[in-house]
Every structure is written in structure tokens, then in C-alpha cells.
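Student: Just dropping this structure here.
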Amino acid sequence: MATHYTPYRDEPARHRLPAALRAPLEARTWRMLGYALTGLPVAVALFVWTVTMISLGAGLLVTFVGVPVLALALVGCRGFGALERARAGALLKVRVAAPEPLRPSGPGLLPWLGAVLKSGSSWRHLVYALVHFPWAVFSFSVAISFWTYGWALLTYPLWFWVFPMWAGQGGIQLYGDDHHSVYLDNPFEITATALVGLVFTLLTPWLLRALTTVDGLLVRGLLGPSRLTARVEELESDRGVVVDTAAADLRRIERDLHDGAQARLVNLAMGLGLAKEKLHHDPETAARMVEEAHGEVKTALKELRDLARGIHPAILTDRGLDAALSHIAARCTVPVTLTVDLPTRPAPAIEGITYYTASELLQNISKHSHAHTATLDLWHTPHHLMLQIRDDGIGGADASRGTGLAGLAERLGAVDGVLVVDSPPGGPTVVTAELPWRA
């Protein structure tokens with residue numbers, strides 16, 4: 001999907017100071033402060049542009065001139081949106097993809113105007129301009145006030161001498177009227193002022209985090225691709241995976257036919273031709289060659305059955321997952337305890353992917369796990385078909401290393417499924433597949 005959030009990178013794990021004391025000096029805090037301070041001028045410029053252009057365009061709608069003015073206003077908002085996404089990425093580490101591009105129905109000005117005005121992303125940028133302005137004013141005011149007062153009061157012992165020397169008073173005036181004034185000028189009051197400043201300084205980073213969290217939500221929600229667009233991109237990616245998987249399967253079938261059954265059938269034809277030539281003058285040799293050809297026929301038939309079983313076995317079509325999984329579990333070199341609890345058969349596509357996933361996982365157990373026992377559980381939830389295979393082998397399976405598990409994850413992802421692998425070194429290994437339930 002096109003929109004994602006990259007969290008801040010934490011400081012090294014071991015520190016002498018607790019996080020509350022480190023926060024005011026961390027780079028993250030200064031970036032958030034920079035974002036709050038730079039947000040106000042950008043928000044003012046965006047708000048003024050938006051209100052001015054929208055008002056002008058609305059007033060001119062009685063003529064055709066109002067339409068391009070409105071389109072220009074939305075294009076300007078999109079330009080400011082690109083600036084805001086870049087600012088959020090640089091200072092907040094919030095990575096937001098660009099929204100879907102404009103797609104005019106044809107060349108020329110009118111199709112372009114129609115694409116701008118029909119784009120939901122353009123209007124979301126407009127909403128951002130109107131909503132972000134009051135929030136930017138509030139965020140700027142709170143951030144600059146807490147940061148300025150905090151550091152000013154914290155460092156008061158270093159600069160309080162300015163008042164008696166240049167202002168003619170003992171220190172900061174806490175209270176004053178015509179008859180009485182209170183100044184922070186004795187050691188106790190100066191120390192208390194610094195402690196209050198310390199509280200403000202320690203509180204400011206957490207306040208900035210709260211403020212910029214709202215900013216991040218606004219940027220992600222209004223300036224990025226819509227959920228529908230993200231879903232379309234995800235489906236396009238899944239379609240590509242399905243096409244690649246189908247092409248790989250076709251290549252595998254072609255290779256197996258060419259290197260296996262086809263080669264055996266060619267040898268069979270040659271052997272039968274030689275036997276035919278020897279039938280009259282050397283019948284014993286011809287009979288032996290026919291017997292060898294008979295063995296080749298059996299082997300070729302077995303390879304064809306195995307190939308057909310790998311594509312979509314007849315037992316799965318005729319009797320469903322229970323019988324098909326029982327068949328592959330019986331062929332596994334490790335004893336498998338099978339439990340199937342389904343109220344009805346799922347859709348053929350889900351059924352086929354479930355069978356293929358279970359078959360591949362059981363083959364992995366046979367080849368790599370060094371396990372003594374395994375379990376296969378298949379059950380149904382209100383919205384999902386759950387497959388879980390567990391073995392007591394050596395573990396260490398990892399889908400992120402580009403192995404067959406990665407291919408299984410891609411197959412499941414093509415139907416909105418999920419593959420979760422829990423396989424610590426030393427075992428046990430638990431692989432859970434979650435597929436959507438479609439009866």
C-alpha cells in the first residue's frame with residue numbers, strides 16, 4: 001500500500017539518564033519543535049490562498065471564469081500538500097505517499113479542469129488547508145510558550161543579574177501594584193523559579209509529541225492516497241503476484257512434462273519400434289523389450305498422476321479438504337495428527353490454495369525439519385479459514401529469506417490471506433495460515 005508510517009529511531013538502548021531527562025535535548029524534540037514553529041507560516045499562506053481563491057472562484061461561478069479559478073485553487077492546495085508531506089517526512093519521520101495523480105479524460109483544458117474538480121484528493125487538500133490553520137495557530141502558541149518559558153525560567157539563575165543592573169529592579173516581577181511589588185530576587189525564589197522552569201522544560205517534549213501526533217494524523221488522513229486508491233494498488237499488486245505465480249506453475253508443469261513423462265514416452269516409442277523389428281527373427285529379445293516398455297509405461301503414468309495431483313488432485317475435487325489432507329498427511333515421512341473442523345466446503349479457489357499450502361508445508365517437514373511428530377489443524381471462524389501446522393523439529397524456518405515460505409506468503413496474500421511463521425532455533429515450528437472464508 002502506498003501510505004505508511006516510519007517510527008522514530010530510538011536512542012541506544014542503554015543510557016545513564018532516564019528518558020524524561022534526556023527528552024529535552026534529543027534531536028527528536030528539536031525536530032518536533034521545528035515542525036510546530038514552521039507550521040504556522042505555512043498554514044497561514046495555505047489558508048490565505050485557499051480562502052481567497054475559493055471565495056473568488058465561488059463569486060465568479062456565474063461566469064465560466066469561476067471554474068478555472070476553483071481548479072487553480074485546488075491545484076495550489078495540492079502543491080502546498082506536497083510541501084507538507086515533505087516537511088512531515090523530514091521533521092516527524094511520517095512517510096506519506098503522494099495521492100493518486102490527476103487523470104484527465106482527454107487532452108485539452110476542459111478535461112484537465114474536470115479531472116481537478118472531480119478528484120477527491122484535491123478536495124481533501126482543501127479540507128486540510130481549512131482545518132490545519134486553527135490547529136497550527138494553537139500548536140505554535142503552545143509550543144513556543146512552553147519552550148520559551150521553560151528554558152528562560154530554568155536558566156534564570158544565569159541571567160537574573162540583568163534586572164538590577166539594567167532594569168533597576170531586583171528580578172522578575174511576580175506581582176505589583178501602586179503600593180506593593182514582589183520580585184524573584186533572593187536565592188530561594190531564584191531556585192524555585194529554576195525548578196518551575198525545569199518542570200516546564202521536561203514537560204515540553206511530551207507536549208510536542210502530543211501536538212505533532214495530531215499533525216501526523218492530519219497529514220496521513222488528508223494529504224495521502226485514499227483508502228480506495230490504496231486498496232486498488234494492493235489489488236493490482238496481488239494481481240501481479242497471481243500472474244507471476246501462474247506463469248511459474250506453467251513453466252514448472254512444462255519442465256516436468258518435458259523432463260519426465262515426455263522423455264519416458266519418447267524412449268517407450270523407440271523401444272517399441274526396436275521390439276517390432278526384432279519380433280520375427282528374435283522373439284525373446286523383442287518380448288524382453290516389450291516388458292521393459294511396459295515398466296516405462298507404468299513409470300510414466302505414475303509421473304503424470306503425481307503431476308496432476310500437484311496441479312489439483314481429483315480427491316480434492318471429489319471429496320474435499322478432509323480427504324485430500326488425509327491423503328497428503330499419510331504420505332508425509334513424519335507421523336501427522338490431522339484435525340479438520342469445517343461446516344461446509346469453502347470456495348474452490350480457497351480450497352485449492354489451502355491444499356497447496358498444506359502440501360508444501362508437509363513437504364518442508366519431511367525434507368528439513370528432522371521432526372518426530374507433527375499436527376495439522378484446519379478449522380473455520382466466522383470470517384476466516386485457519387490452517388495451522390506444528391512440528392517438533394529443529395526450527396529455524398524464516399519466510400523473510402526468500403525461501404518457499406515467501407512464495408506461500410505471496411500466494412496467500414493474493415487472496416487477502418496471511419502466513420505467520422513462528423520457528424525459533426531448536427523448535428518447535430508453528431506455521432499458521434489465515435485465509436478469507438468464502439463458502
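Convention: chains lettered A, B, ... in C-alpha cells order; per-chain residue numbering from 1; ligands numbered from 1 as shown.
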Taking 5 positions as the minimum chain separation for residues in the same chain, which residues sit within 9 Å of A:Val199 when counting only C-alpha atoms? Answer as a list in words.

Tutor: Gly150, Leu154, Ala194 and Thr204 of chain A

Student: Between atom CA of A:Glu189 and atom CA of A:Ala19, what is the distance in Å, rounded to a tenth?

Tutor: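 Computing it gives 28.1 Å between the two atoms.
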
Student: Under the rule that only C-alpha atoms are counted, which of A:Leu218, A:Val51, A:Ala371, A:Val420 is the nearest residue to A:Ala406?

Tutor: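 Among the listed residues, the smallest separation from A:Ala406 belongs to A:Val420.
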
Student: Could you give me, as a ChimeraX atom specification, the residues within 6 Å of A:Asp377, counting only C-alpha atoms and dropping anything in the same chain fewer than 3 positions from it?

Tutor: /A:339-340,387-388

Student: Could you save the residues just selected, with all heavy atoms, as a PDB file, in the first residue's frame?

Tutor:
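Output file result.pdb follows:
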```pdb
ATOM      1  N   THR A 339      -6.631 -32.828  12.190  1.00  0.00           N
ATOM      2  CA  THR A 339      -7.929 -32.433  12.727  1.00  0.00           C
ATOM      3  C   THR A 339      -8.560 -31.434  11.778  1.00  0.00           C
ATOM      4  O   THR A 339      -7.975 -30.371  11.511  1.00  0.00           O
ATOM      5  CB  THR A 339      -7.795 -31.802  14.123  1.00  0.00           C
ATOM      6  OG1 THR A 339      -7.132 -32.711  14.992  1.00  0.00           O
ATOM      7  CG2 THR A 339      -9.162 -31.455  14.683  1.00  0.00           C
ATOM      8  N   VAL A 340      -9.730 -31.752  11.246  1.00  0.00           N
ATOM      9  CA  VAL A 340     -10.443 -30.882  10.315  1.00  0.00           C
ATOM     10  C   VAL A 340     -11.833 -30.629  10.871  1.00  0.00           C
ATOM     11  O   VAL A 340     -12.569 -31.573  11.184  1.00  0.00           O
ATOM     12  CB  VAL A 340     -10.540 -31.501   8.900  1.00  0.00           C
ATOM     13  CG1 VAL A 340     -11.349 -30.592   7.975  1.00  0.00           C
ATOM     14  CG2 VAL A 340      -9.145 -31.735   8.325  1.00  0.00           C
ATOM     15  N   LEU A 387      -5.539 -22.524   9.027  1.00  0.00           N
ATOM     16  CA  LEU A 387      -4.726 -23.720   8.868  1.00  0.00           C
ATOM     17  C   LEU A 387      -3.481 -23.550   9.736  1.00  0.00           C
ATOM     18  O   LEU A 387      -2.769 -22.554   9.608  1.00  0.00           O
ATOM     19  CB  LEU A 387      -4.321 -23.908   7.398  1.00  0.00           C
ATOM     20  CG  LEU A 387      -3.271 -24.989   7.110  1.00  0.00           C
ATOM     21  CD1 LEU A 387      -3.856 -26.377   7.367  1.00  0.00           C
ATOM     22  CD2 LEU A 387      -2.758 -24.873   5.679  1.00  0.00           C
ATOM     23  N   GLN A 388      -3.233 -24.521  10.593  1.00  0.00           N
ATOM     24  CA  GLN A 388      -2.057 -24.446  11.460  1.00  0.00           C
ATOM     25  C   GLN A 388      -1.344 -25.790  11.457  1.00  0.00           C
ATOM     26  O   GLN A 388      -1.962 -26.834  11.682  1.00  0.00           O
ATOM     27  CB  GLN A 388      -2.444 -24.073  12.884  1.00  0.00           C
ATOM     28  CG  GLN A 388      -1.230 -23.832  13.790  1.00  0.00           C
ATOM     29  CD  GLN A 388      -1.629 -23.336  15.165  1.00  0.00           C
ATOM     30  OE1 GLN A 388      -1.943 -24.133  16.052  1.00  0.00           O
ATOM     31  NE2 GLN A 388      -1.633 -22.013  15.345  1.00  0.00           N
TER      32      GLN A 388
END
```

Student: Quick one: residues within 12 Å of A:Gly320, only C-alpha atoms, excluding same-chain residues fewer than 3 positions away - as a PyMOL selection string?

Tutor: chain A and resi 312-317+323-327+340+342-348+350-352+354-355

Student: So that I can check the surroundings of stretch 55-68 of chain A, please list as a PyMOL selection string every protein, DNA and RNA residue that reaches within 12 Å of it, counting only C-alpha atoms and ignoring chain neighbours fewer than 6 positions away.

Tutor: chain A and resi 47-49+74-75+109-117

Student: Save the residues we just selected, N, CA, C and O atoms, as a compact mmCIF listing (two decimals), in the first residue's frame?

Tutor:
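What follows is the written file again_23.txt:
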```
# COMPACT_ATOMS: atom_id res chain seq x y z
N PHE A 47 -3.85 28.90 4.10
CA PHE A 47 -5.21 29.32 4.44
C PHE A 47 -5.59 30.56 3.62
O PHE A 47 -6.70 30.64 3.09
N VAL A 48 -4.68 31.53 3.55
CA VAL A 48 -4.98 32.74 2.79
C VAL A 48 -5.20 32.41 1.31
O VAL A 48 -6.14 32.91 0.68
N TRP A 49 -4.34 31.57 0.75
CA TRP A 49 -4.51 31.16 -0.65
C TRP A 49 -5.87 30.49 -0.85
O TRP A 49 -6.60 30.83 -1.79
N LEU A 74 -7.56 24.52 -6.15
CA LEU A 74 -7.31 23.14 -5.74
C LEU A 74 -5.90 22.69 -6.12
O LEU A 74 -5.24 21.96 -5.36
N VAL A 75 -5.43 23.11 -7.29
CA VAL A 75 -4.06 22.76 -7.69
C VAL A 75 -3.05 23.38 -6.73
O VAL A 75 -2.06 22.75 -6.35
N LEU A 109 -7.88 21.71 -22.09
CA LEU A 109 -8.12 22.39 -20.81
C LEU A 109 -9.34 21.84 -20.09
O LEU A 109 -9.31 21.61 -18.88
N LEU A 110 -10.42 21.62 -20.80
CA LEU A 110 -11.66 21.18 -20.15
C LEU A 110 -11.51 19.82 -19.47
O LEU A 110 -11.95 19.66 -18.31
N PRO A 111 -10.94 18.81 -20.11
CA PRO A 111 -10.74 17.54 -19.40
C PRO A 111 -9.86 17.70 -18.17
O PRO A 111 -10.09 17.05 -17.14
N TRP A 112 -8.85 18.57 -18.26
CA TRP A 112 -7.98 18.79 -17.11
C TRP A 112 -8.74 19.46 -15.97
O TRP A 112 -8.61 19.07 -14.81
N LEU A 113 -9.56 20.46 -16.28
CA LEU A 113 -10.38 21.10 -15.23
C LEU A 113 -11.33 20.09 -14.60
O LEU A 113 -11.51 20.07 -13.38
N GLY A 114 -11.93 19.24 -15.43
CA GLY A 114 -12.84 18.23 -14.89
C GLY A 114 -12.12 17.26 -13.98
O GLY A 114 -12.64 16.87 -12.93
N ALA A 115 -10.89 16.85 -14.35
CA ALA A 115 -10.13 15.93 -13.51
C ALA A 115 -9.78 16.56 -12.17
O ALA A 115 -9.83 15.90 -11.13
N VAL A 116 -9.43 17.84 -12.17
CA VAL A 116 -9.09 18.52 -10.91
C VAL A 116 -10.31 18.61 -10.00
O VAL A 116 -10.24 18.31 -8.80
N LEU A 117 -11.43 19.02 -10.56
CA LEU A 117 -12.62 19.23 -9.74
C LEU A 117 -13.26 17.92 -9.28
O LEU A 117 -13.92 17.88 -8.24
```

Student: Restricting the calculation to only C-alpha atoms: of A:Ile328, A:Ala88, A:Thr285, A:Ser121, which residue gets closest to A:Leu102?

Tutor: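 Closest to A:Leu102 of all the choices is A:Ser121.
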
Student: Among stretch 316-358 of chain A, which residues carry a DSSP assignment of strand (DSSP E or B), reported as a PyMOL selection string?

Tutor: chain A and resi 336-341

Student: Using the selection just defined, write its residues with C-alpha atoms as a PDB file, in the first residue's frame.

Tutor:
```pdb
ATOM      1  CA  VAL A 336       0.904 -36.318  11.283  1.00  0.00           C
ATOM      2  CA  THR A 337      -2.138 -35.908  13.537  1.00  0.00           C
ATOM      3  CA  LEU A 338      -4.911 -34.375  11.430  1.00  0.00           C
ATOM      4  CA  THR A 339      -7.929 -32.433  12.727  1.00  0.00           C
ATOM      5  CA  VAL A 340     -10.443 -30.882  10.315  1.00  0.00           C
ATOM      6  CA  ASP A 341     -13.490 -28.962  11.556  1.00  0.00           C
TER       7      ASP A 341
END
```
